[in-house]
Structures are given as C-alpha cells and as structure tokens.
Amino acid sequence: MVLTCPVVMGRTIRRDRTSEFSRRAVLGAGALLALGGAAGPLTGCGLLDRDDTPKPDPLDPLRDEALRLAAGLRATAAAHPDLAGRLTPLAESHEAHAAELARVTGATSPSGTAAPPATAGTPPTDQAAALTALRQAERTGRDAASTACAAAPADRVALLGSIAAARASHLEALK
Amino acid sequence: MRTAPTKTGEALAAALTAEYAAIWAYGPIGVRLAEAERKSAVAAEAAHRGRRDALMVQLSAGGGTVPPDRAGYTLPFPVTDRASALRLAVQVEERTAAFWRAVLPTTTGAERDQALAALVEYAVRATRWRRSAGITPLTVAFPGRPG
C-alpha cells in the first residue's frame, strides 16, 4: 500500500514534522493505509487525498441541529430573562454536543465550515408558548439523534446515545 | 449449548449487575421517601426489575453466563433522610445509564434500540430526581459518559 500512495505518505510525514514526529502519527498513517488496502487499490489513495473541500459527514445535520437548538434556547433566555437560569445550561449542553460532533467528524470549527447560520428566529413573547416551542424542538432533536444512533458505526454510537439522552432530558427539564 | 462470551454478552452481563444493584438501592431509597416521591421510587424500581428480568432471559437464551445477584451492596454514602435518598436515586440512574451506554457499541438493530431506550429512560429519570432534590442544573451534557 505504501508504494501506491507515495505522495500522500510524504504529505502525512511533512505535516507531522511541525510537531514531534510521533509514533502515534506513524501508526495512524499505517492504519489508514491498511484501511485503504481493504477498500481496494483504486480507492486507497482517494481515502487519504487531502482535498480542501470538507466532505459531508452523515453527522453534519445533527451538529447543525445542536447549534440551532442552542441558539433557540439562548434567544428565548434573552427574551425571557427569568428563564435564563434554566435555559442556559441546556444551551451549553447543545454547544458541547456540537463541539464533540465537530471533533469526531473532523470538521474544523463550528463557524468555520459551511454550516448554516444558527439563527433561531424570534421566540414567542408568551412564556408558555416559548417553552412549548423549545420542547417541540428538543423532541424533534431527540428523535433525530436516536435515528442517527441506530445507524451509526460502533465508534460513534455512544456519543449519539448520550446526545439523544441529553435531548430527552432537556424535554423533561423544560416541563 | 454454552458459547464463548461475546462483547455483547459481556456488556449485557455488566448491565445486569448494575440492574441488580439499582433494584437493591431502591429499597433504602424508598423507605426515606413519602407520597408521590415514594411512588416514583416504586415505579423506578419496577423499571429496573423489568430490565433485569429481560436481561436474564436474554443472556440465558444466548448461552452466556448469567451473573448472580449479591446478597447486599455497599451504598456510596449513608441514606438517612429524604435528601440523601434523592441524591442516591440520582446516582443510581446515572450509573445504570452508563452501563447501558457501554452496551451500545457492541450491538446493532433491536439490541441497540433496547440499550438506547434504557440510556434515555434513565437519563430522564435522573433529571426528575434532580428536580425533586433541588439539584441544578437538571441535566448533564453527556448522560452515561464516564468521568
């Protein structure tokens, strides 16, 4: 495999030289090359091609949704300051989910990609209606995370399970 | 026929030991609570019993080892009043949730759905117990995640 991807291998090494040339980096490159081998010789190089356009990941919509949920909670907290103590921790959880999803999908930063702006619209002026809208959004979010969890590979499923559980518990906390 | 323990079997067996401990813990919890909270504790205990029974059937059917229950468990702190009972109830739900989260990566399909349902249910119940106990925030960012 190494011989079929000399350029890519060279790139990997050059990138690592900036920090410490670590054993882990070499092992990581080896693992990726092995994976390329399993996928077939023609796709092996494509796997490692460092093309600058980020490839969509199946979890991107979930990350966008986490940012939208956070924005919705923050907008409602701003419009109804007496709810802020309840809503802010929930917004922070969604932001932590977005950061973790960005990490596992290899996205650069929440704002640095093609993610849609996380605007939430204007929350209802009636407090009860505002909470109802937030609950509806959490319910939809919980279901989306559950669906993603059911379909995810083993290395992502625990994170998605926690996100589904967090969104379900938000629904409870907003009652 | 007895088969070698699989990763799924091991994770489910670990979840079963957590369910045993949860059921046991709801004994001392229940006696310190009254009225609606006691009813919630009874309902929670019933949910853990339901999962215990299903796991025992599942593990036996799969030919795996069914770990035995213990005669007693050590509580993480003394349960002497309503406040400590509620605090323990929160912990019981958080900890059993963690065991079901650990089942997720070893499963697919219906077994994964079963594990997710338990994780979600216990996270929600932990939130309800936090509300009863006056613990804020009511939620954690990553239910079931160790650390």
# chains A, B, ... in the order shown; residues from 1 in each chain; ligands from 1
$ residues_around --residues "His80 of chain A" --least-positions-apart "3" --cutoff "9 Å" --atoms "only C-alpha atoms" --output "PyMOL selection string"
chain A and resi 75-77+83-84+125+127+130
$ interface_residues --of "chain B" --to "chain A" --cutoff "10 Å" --atoms "only C-alpha atoms" --output "ChimeraX atom specification"
/B:97-98,100-113,115-128,130-131,136-145
$ closest_residue --among "A:Arg135, A:Thr122, A:Lys175, A:Ala144" --to "Arg74 of chain A" --atoms "only C-alpha atoms"
A:Thr122
$ residues_around --residues "Lys55 of chain A" --least-positions-apart "4" --cutoff "10 Å" --atoms "only C-alpha atoms" --output "PDB file with N, CA and C atoms, in the first residue's frame"
ATOM      1  N   ASP A  51      -8.097  16.957   0.103  1.00  0.00           N
ATOM      2  CA  ASP A  51      -8.759  17.914  -0.741  1.00  0.00           C
ATOM      3  C   ASP A  51      -9.328  18.941   0.224  1.00  0.00           C
ATOM      4  N   ASP A  60     -23.241  15.725  10.087  1.00  0.00           N
ATOM      5  CA  ASP A  60     -23.305  17.190   9.934  1.00  0.00           C
ATOM      6  C   ASP A  60     -24.685  17.759  10.287  1.00  0.00           C
ATOM      7  N   THR A 105     -16.219  14.241  13.553  1.00  0.00           N
ATOM      8  CA  THR A 105     -16.374  14.278  12.100  1.00  0.00           C
ATOM      9  C   THR A 105     -15.180  14.964  11.435  1.00  0.00           C
ATOM     10  N   GLY A 106     -14.268  15.493  12.229  1.00  0.00           N
ATOM     11  CA  GLY A 106     -13.084  16.143  11.681  1.00  0.00           C
ATOM     12  C   GLY A 106     -13.367  17.517  11.114  1.00  0.00           C
ATOM     13  N   ALA A 107     -14.507  18.088  11.438  1.00  0.00           N
ATOM     14  CA  ALA A 107     -14.812  19.445  10.971  1.00  0.00           C
ATOM     15  C   ALA A 107     -13.911  20.429  11.718  1.00  0.00           C
TER      16      ALA A 107
END
$ residues_around --residues "segment 64-68 of chain A" --least-positions-apart "3" --cutoff "6 Å" --atoms "only C-alpha atoms" --output "JSON, numbers by chain"
{"A": [61, 71, 94, 98, 118]}
$ write_last_selection --atoms "N, CA, C and O atoms" --output "mmCIF file, in the first residue's frame"
data_model
loop_
_atom_site.group_PDB
_atom_site.id
_atom_site.type_symbol
_atom_site.label_atom_id
_atom_site.label_comp_id
_atom_site.auth_asym_id
_atom_site.auth_seq_id
_atom_site.Cartn_x
_atom_site.Cartn_y
_atom_site.Cartn_z
ATOM 1 N N PRO A 61 -25.776 17.128 9.806
ATOM 2 C CA PRO A 61 -27.097 17.696 10.149
ATOM 3 C C PRO A 61 -27.352 17.709 11.659
ATOM 4 O O PRO A 61 -27.984 18.637 12.174
ATOM 5 N N ALA A 71 -29.039 27.972 19.874
ATOM 6 C CA ALA A 71 -29.422 29.346 19.524
ATOM 7 C C ALA A 71 -30.856 29.640 19.965
ATOM 8 O O ALA A 71 -31.155 30.742 20.463
ATOM 9 N N HIS A 94 -25.941 21.687 24.373
ATOM 10 C CA HIS A 94 -26.005 21.558 22.907
ATOM 11 C C HIS A 94 -24.698 22.033 22.273
ATOM 12 O O HIS A 94 -24.238 21.445 21.288
ATOM 13 N N ALA A 98 -22.203 19.965 19.863
ATOM 14 C CA ALA A 98 -21.731 20.427 18.554
ATOM 15 C C ALA A 98 -20.206 20.343 18.480
ATOM 16 O O ALA A 98 -19.652 19.911 17.464
ATOM 17 N N ALA A 118 -26.685 29.635 12.736
ATOM 18 C CA ALA A 118 -27.566 29.063 13.750
ATOM 19 C C ALA A 118 -28.496 30.140 14.294
ATOM 20 O O ALA A 118 -28.393 30.561 15.434
#
$ decode --residues "segment 56-129 of chain B" --atoms "C-alpha atoms" --output "PDB file, in the first residue's frame"
ATOM      1  CA  MET B  56     -31.663 -12.798  32.471  1.00  0.00           C
ATOM      2  CA  VAL B  57     -33.826 -14.327  29.753  1.00  0.00           C
ATOM      3  CA  GLN B  58     -31.687 -12.822  27.015  1.00  0.00           C
ATOM      4  CA  LEU B  59     -28.389 -13.985  28.480  1.00  0.00           C
ATOM      5  CA  SER B  60     -29.678 -17.490  29.192  1.00  0.00           C
ATOM      6  CA  ALA B  61     -31.122 -17.805  25.699  1.00  0.00           C
ATOM      7  CA  GLY B  62     -27.800 -16.701  24.220  1.00  0.00           C
ATOM      8  CA  GLY B  63     -25.999 -19.450  26.132  1.00  0.00           C
ATOM      9  CA  GLY B  64     -23.964 -16.907  28.050  1.00  0.00           C
ATOM     10  CA  THR B  65     -23.203 -16.688  31.729  1.00  0.00           C
ATOM     11  CA  VAL B  66     -25.864 -15.055  33.855  1.00  0.00           C
ATOM     12  CA  PRO B  67     -24.045 -13.307  36.706  1.00  0.00           C
ATOM     13  CA  PRO B  68     -25.675 -13.904  40.094  1.00  0.00           C
ATOM     14  CA  ASP B  69     -27.099 -11.177  42.294  1.00  0.00           C
ATOM     15  CA  ARG B  70     -25.319 -10.391  45.554  1.00  0.00           C
ATOM     16  CA  ALA B  71     -26.790 -10.545  48.992  1.00  0.00           C
ATOM     17  CA  GLY B  72     -26.091  -6.876  49.559  1.00  0.00           C
ATOM     18  CA  TYR B  73     -24.309  -3.838  48.210  1.00  0.00           C
ATOM     19  CA  THR B  74     -22.359  -1.006  49.782  1.00  0.00           C
ATOM     20  CA  LEU B  75     -24.045   2.335  49.444  1.00  0.00           C
ATOM     21  CA  PRO B  76     -21.769   5.180  48.308  1.00  0.00           C
ATOM     22  CA  PHE B  77     -22.935   7.226  51.315  1.00  0.00           C
ATOM     23  CA  PRO B  78     -25.363   6.668  54.187  1.00  0.00           C
ATOM     24  CA  VAL B  79     -29.008   7.117  53.268  1.00  0.00           C
ATOM     25  CA  THR B  80     -30.528   8.644  56.374  1.00  0.00           C
ATOM     26  CA  ASP B  81     -33.137  11.091  55.131  1.00  0.00           C
ATOM     27  CA  ARG B  82     -35.083  12.333  52.119  1.00  0.00           C
ATOM     28  CA  ALA B  83     -32.194  14.423  50.794  1.00  0.00           C
ATOM     29  CA  SER B  84     -29.673  11.575  50.818  1.00  0.00           C
ATOM     30  CA  ALA B  85     -32.283   9.194  49.367  1.00  0.00           C
ATOM     31  CA  LEU B  86     -32.900  11.539  46.439  1.00  0.00           C
ATOM     32  CA  ARG B  87     -29.183  12.030  45.918  1.00  0.00           C
ATOM     33  CA  LEU B  88     -28.684   8.270  45.768  1.00  0.00           C
ATOM     34  CA  ALA B  89     -31.598   7.898  43.347  1.00  0.00           C
ATOM     35  CA  VAL B  90     -29.879  10.381  41.008  1.00  0.00           C
ATOM     36  CA  GLN B  91     -26.652   8.363  41.223  1.00  0.00           C
ATOM     37  CA  VAL B  92     -28.397   5.039  40.653  1.00  0.00           C
ATOM     38  CA  GLU B  93     -29.953   6.323  37.444  1.00  0.00           C
ATOM     39  CA  GLU B  94     -26.742   7.968  36.251  1.00  0.00           C
ATOM     40  CA  ARG B  95     -24.713   4.824  36.865  1.00  0.00           C
ATOM     41  CA  THR B  96     -27.104   2.338  35.312  1.00  0.00           C
ATOM     42  CA  ALA B  97     -27.349   4.675  32.307  1.00  0.00           C
ATOM     43  CA  ALA B  98     -23.567   4.376  31.924  1.00  0.00           C
ATOM     44  CA  PHE B  99     -23.759   0.579  31.732  1.00  0.00           C
ATOM     45  CA  TRP B 100     -26.386   0.730  29.003  1.00  0.00           C
ATOM     46  CA  ARG B 101     -24.346   3.300  27.114  1.00  0.00           C
ATOM     47  CA  ALA B 102     -21.484   0.787  27.166  1.00  0.00           C
ATOM     48  CA  VAL B 103     -23.779  -1.793  25.560  1.00  0.00           C
ATOM     49  CA  LEU B 104     -24.387   0.457  22.525  1.00  0.00           C
ATOM     50  CA  PRO B 105     -21.103  -0.083  20.616  1.00  0.00           C
ATOM     51  CA  THR B 106     -21.379  -3.870  20.949  1.00  0.00           C
ATOM     52  CA  THR B 107     -24.856  -4.099  19.455  1.00  0.00           C
ATOM     53  CA  THR B 108     -26.878  -3.416  16.328  1.00  0.00           C
ATOM     54  CA  GLY B 109     -30.552  -3.470  15.477  1.00  0.00           C
ATOM     55  CA  ALA B 110     -33.081  -4.370  18.162  1.00  0.00           C
ATOM     56  CA  GLU B 111     -30.426  -4.900  20.842  1.00  0.00           C
ATOM     57  CA  ARG B 112     -29.050  -1.440  20.232  1.00  0.00           C
ATOM     58  CA  ASP B 113     -32.558   0.037  20.396  1.00  0.00           C
ATOM     59  CA  GLN B 114     -33.026  -1.700  23.728  1.00  0.00           C
ATOM     60  CA  ALA B 115     -29.799  -0.212  25.099  1.00  0.00           C
ATOM     61  CA  LEU B 116     -30.636   3.278  23.840  1.00  0.00           C
ATOM     62  CA  ALA B 117     -34.120   3.092  25.352  1.00  0.00           C
ATOM     63  CA  ALA B 118     -32.588   2.263  28.743  1.00  0.00           C
ATOM     64  CA  LEU B 119     -29.967   5.027  28.487  1.00  0.00           C
ATOM     65  CA  VAL B 120     -32.607   7.612  27.538  1.00  0.00           C
ATOM     66  CA  GLU B 121     -35.095   6.484  30.182  1.00  0.00           C
ATOM     67  CA  TYR B 122     -32.526   6.551  32.992  1.00  0.00           C
ATOM     68  CA  ALA B 123     -31.182   9.936  31.938  1.00  0.00           C
ATOM     69  CA  VAL B 124     -34.711  11.344  32.022  1.00  0.00           C
ATOM     70  CA  ARG B 125     -35.369   9.780  35.404  1.00  0.00           C
ATOM     71  CA  ALA B 126     -32.114  11.200  36.766  1.00  0.00           C
ATOM     72  CA  THR B 127     -33.375  14.625  35.663  1.00  0.00           C
ATOM     73  CA  ARG B 128     -36.663  14.081  37.531  1.00  0.00           C
ATOM     74  CA  TRP B 129     -34.813  13.044  40.680  1.00  0.00           C
TER      75      TRP B 129
END
